[in-house]
Amino acid sequence: MRERVMDAAHELTCADGWDKTSLSAVAARAQVSRPSVYKEFGTRARLGHALVTRETRRLLDDITEALGTADGNPRDALETALLLVLTVADRNPLLRSVVTAARPGVDSLLPYLAARTDPLFDGAHGLLRAWLDERFPTRAEEDLDVVSDFVVRTAMSHLVLPTWPPEVAAGRLSRTAFRVLGEP
């Protein structure tokens with residue numbers, strides 16, 4: 001039932017935006033009672049958090065897969081992962097709905113991505129930091145922390161306010177990260 005409710009919330013949010021998605025509408029779409037939705041999630045905010053958490057897990061799985069690509073070339077792998085992240089806003093209806101809802105007076109899911117750093121920021125930062133540790137075991141921890149933080153924050157910022165096409169941004173971010181690490 002939990003997945004059915006989250007699927008229904010996902011569909012409604014993608015179609016109408018989070019600000020127009022009520023627990024009553026979600027219950028009706030999922031074909032469950034409204035009290036069942038309240039029992040499972042408690043509040044609309046908790047349903048929103050669960051929805052963003054699920055979508056984040058899916059994205060982090062995709063990022064993990066992308067970081068394993070590029071025939072062992074770490075810079076190419078990072079660029080591939082960044083391109084995935086930067087294009088997902090256009091291809092993922094829920095994320096697009098979240099990002100484009102960042103208008104004053106709109107009840108959006110954006111706070112779950114931006115202000116409440118878990119799960120996306122923390123998950124992406126931890127994932128990238130572990131990946132960098134494996135590739136650069138002799139680098140200073142501070143350097144790896146700075147690179148991880150820079151890449152994740154800049155990619156998230158670019159999702160909200162892009163300055164370059166995703167391909168350009170992914171290449172520039174990857175090259176900059178590797179320059180900080182002293183890699184060509």
# chains A, B, ... in the order shown; residues from 1 in each chain; ligands from 1

$ closest_atom_pairs --of "stretch 115-167 of chain A" --to "stretch 60-76 of chain A" --cutoff "9 Å" --atoms "only C-alpha atoms" --output "CSV"
residue,atom,partner,partner_atom,distance
A:Leu120,CA,A:Leu60,CA,8.1
A:Gly123,CA,A:Leu60,CA,7.2
A:Ala124,CA,A:Leu60,CA,6.7
A:Leu127,CA,A:Thr64,CA,7.5
A:Leu128,CA,A:Thr64,CA,8.7
A:Trp131,CA,A:Leu67,CA,7.9
A:Leu132,CA,A:Pro74,CA,8.8
A:Arg135,CA,A:Pro74,CA,7.5

$ select_by_dssp --residues "stretch 124-172 of chain A" --states "helix (DSSP H, G or I)" --output "ChimeraX atom specification"
/A:124-135,141-160,166-172

$ residues_around --residues "stretch 170-178 of chain A" --least-positions-apart "3" --cutoff "7 Å" --atoms "only C-alpha atoms" --output "short mmCIF file (atom, residue, chain, number, x, y, z; two decimals) with C-alpha atoms, in the first residue's frame"
data_model
loop_
_atom_site.label_atom_id
_atom_site.label_comp_id
_atom_site.auth_asym_id
_atom_site.auth_seq_id
_atom_site.Cartn_x
_atom_site.Cartn_y
_atom_site.Cartn_z
CA ARG A 75 37.35 12.39 -14.84
CA LEU A 78 32.57 12.08 -12.95
CA GLU A 79 31.53 14.01 -16.05
CA LEU A 82 27.28 15.00 -13.50
CA LEU A 83 25.63 14.99 -16.91
CA VAL A 147 36.08 18.71 -4.07
CA VAL A 151 30.81 19.37 -6.99
CA PRO A 166 24.16 20.35 -19.01
CA GLU A 167 26.96 18.99 -21.23
CA LEU A 181 43.05 17.48 -7.07
CA GLY A 182 46.13 18.26 -9.20
CA GLU A 183 45.04 15.86 -11.93
CA PRO A 184 45.18 16.74 -15.65
#

$ decode --residues "stretch 126-145 of chain A" --atoms "C-alpha atoms" --output "PDB file, in the first residue's frame"
ATOM      1  CA  GLY A 126      28.791  10.757   0.849  1.00  0.00           C
ATOM      2  CA  LEU A 127      28.644   8.849  -2.424  1.00  0.00           C
ATOM      3  CA  LEU A 128      31.077  11.159  -4.194  1.00  0.00           C
ATOM      4  CA  ARG A 129      33.407  11.342  -1.193  1.00  0.00           C
ATOM      5  CA  ALA A 130      33.636   7.539  -0.996  1.00  0.00           C
ATOM      6  CA  TRP A 131      34.240   7.354  -4.748  1.00  0.00           C
ATOM      7  CA  LEU A 132      37.044   9.926  -4.495  1.00  0.00           C
ATOM      8  CA  ASP A 133      38.577   8.036  -1.534  1.00  0.00           C
ATOM      9  CA  GLU A 134      38.821   4.899  -3.672  1.00  0.00           C
ATOM     10  CA  ARG A 135      40.453   6.692  -6.581  1.00  0.00           C
ATOM     11  CA  PHE A 136      42.741   8.996  -4.604  1.00  0.00           C
ATOM     12  CA  PRO A 137      43.698   7.175  -1.400  1.00  0.00           C
ATOM     13  CA  THR A 138      46.839   9.274  -0.860  1.00  0.00           C
ATOM     14  CA  ARG A 139      45.134  12.674  -1.216  1.00  0.00           C
ATOM     15  CA  ALA A 140      44.565  14.834   1.821  1.00  0.00           C
ATOM     16  CA  GLU A 141      41.105  14.335   3.310  1.00  0.00           C
ATOM     17  CA  GLU A 142      40.508  18.081   3.254  1.00  0.00           C
ATOM     18  CA  ASP A 143      41.084  18.186  -0.515  1.00  0.00           C
ATOM     19  CA  LEU A 144      38.628  15.357  -1.082  1.00  0.00           C
ATOM     20  CA  ASP A 145      36.066  17.018   1.200  1.00  0.00           C
TER      21      ASP A 145
END
